[in-house]
Amino acid sequence: MMKRKRRLIATYITRRMYPALVADMKEAGVWCSLSQEGLQWYVGRFKITNTALMEVYGLTQSQYARFRAYILSENPWGEDIGINT
């Protein structure tokens, strides 16, 4: 996992860093599914909240919003992401 130092001001996460973040998530067993409610995060078979994910990976709300847009556009989990009905 990517370790971040706690700071008063969040460091900017660039789009080039997203593949490394996704790789860290995959290594930790974190995966993403797209449903009617939006992105659903899981560790193994257990669902986790966006807040828990942001806390573990040190993301602010705005950083998570940009990361979420990246996931929706690039589909880094491949065929694992699909619309659940």
# chains A, B, ... in the order shown; residues from 1 in each chain; ligands from 1
>>> residues_around(residues="stretch 30-40 of chain A", least_positions_apart="2", cutoff="12 Å", atoms="only C-alpha atoms", output="PyMOL selection string")
chain A and resi 1+21-28+42-53+56-57+64-65+67-72+75-85
>>> select_by_dssp(residues="stretch 2-83 of chain A", states="strand (DSSP E or B)", output="number ranges by chain")
A: 30-35, 38-43, 46-48, 83
>>> atom_distance(atom1="atom CA of A:Pro19", atom2="atom CA of A:Thr60")
17.8 Å
>>> atom_distance(atom1="atom CA of A:Tyr12", atom2="atom CA of A:Gly29")
24.9 Å
>>> select_by_dssp(residues="stretch 1-81 of chain A", states="helix (DSSP H, G or I)", output="VMD selection string")
chain A and resid 15 to 27 50 to 57 61 to 74 78 to 80
>>> decode(residues="stretch 17-39 of chain A", atoms="C-alpha atoms", output="PDB file, in the first residue's frame")
ATOM      1  CA  MET A  17      -0.001   8.153  -9.972  1.00  0.00           C
ATOM      2  CA  TYR A  18      -3.387   6.447 -10.422  1.00  0.00           C
ATOM      3  CA  PRO A  19      -2.027   3.230 -12.020  1.00  0.00           C
ATOM      4  CA  ALA A  20       0.322   2.752  -9.048  1.00  0.00           C
ATOM      5  CA  LEU A  21      -2.570   3.357  -6.650  1.00  0.00           C
ATOM      6  CA  VAL A  22      -4.703   0.805  -8.520  1.00  0.00           C
ATOM      7  CA  ALA A  23      -1.803  -1.683  -8.448  1.00  0.00           C
ATOM      8  CA  ASP A  24      -1.488  -1.227  -4.677  1.00  0.00           C
ATOM      9  CA  MET A  25      -5.224  -1.782  -4.299  1.00  0.00           C
ATOM     10  CA  LYS A  26      -5.140  -4.938  -6.417  1.00  0.00           C
ATOM     11  CA  GLU A  27      -2.189  -6.254  -4.408  1.00  0.00           C
ATOM     12  CA  ALA A  28      -4.152  -5.678  -1.192  1.00  0.00           C
ATOM     13  CA  GLY A  29      -7.212  -7.475  -2.618  1.00  0.00           C
ATOM     14  CA  VAL A  30      -9.274  -4.306  -3.098  1.00  0.00           C
ATOM     15  CA  TRP A  31     -11.537  -4.267  -6.144  1.00  0.00           C
ATOM     16  CA  CYS A  32     -14.280  -2.125  -7.544  1.00  0.00           C
ATOM     17  CA  SER A  33     -17.696  -2.810  -9.048  1.00  0.00           C
ATOM     18  CA  LEU A  34     -20.017  -0.361 -10.741  1.00  0.00           C
ATOM     19  CA  SER A  35     -23.690  -0.442  -9.788  1.00  0.00           C
ATOM     20  CA  GLN A  36     -26.739   1.790 -10.044  1.00  0.00           C
ATOM     21  CA  GLU A  37     -25.554   3.536  -6.837  1.00  0.00           C
ATOM     22  CA  GLY A  38     -22.063   4.196  -8.219  1.00  0.00           C
ATOM     23  CA  LEU A  39     -18.727   2.578  -7.421  1.00  0.00           C
TER      24      LEU A  39
END
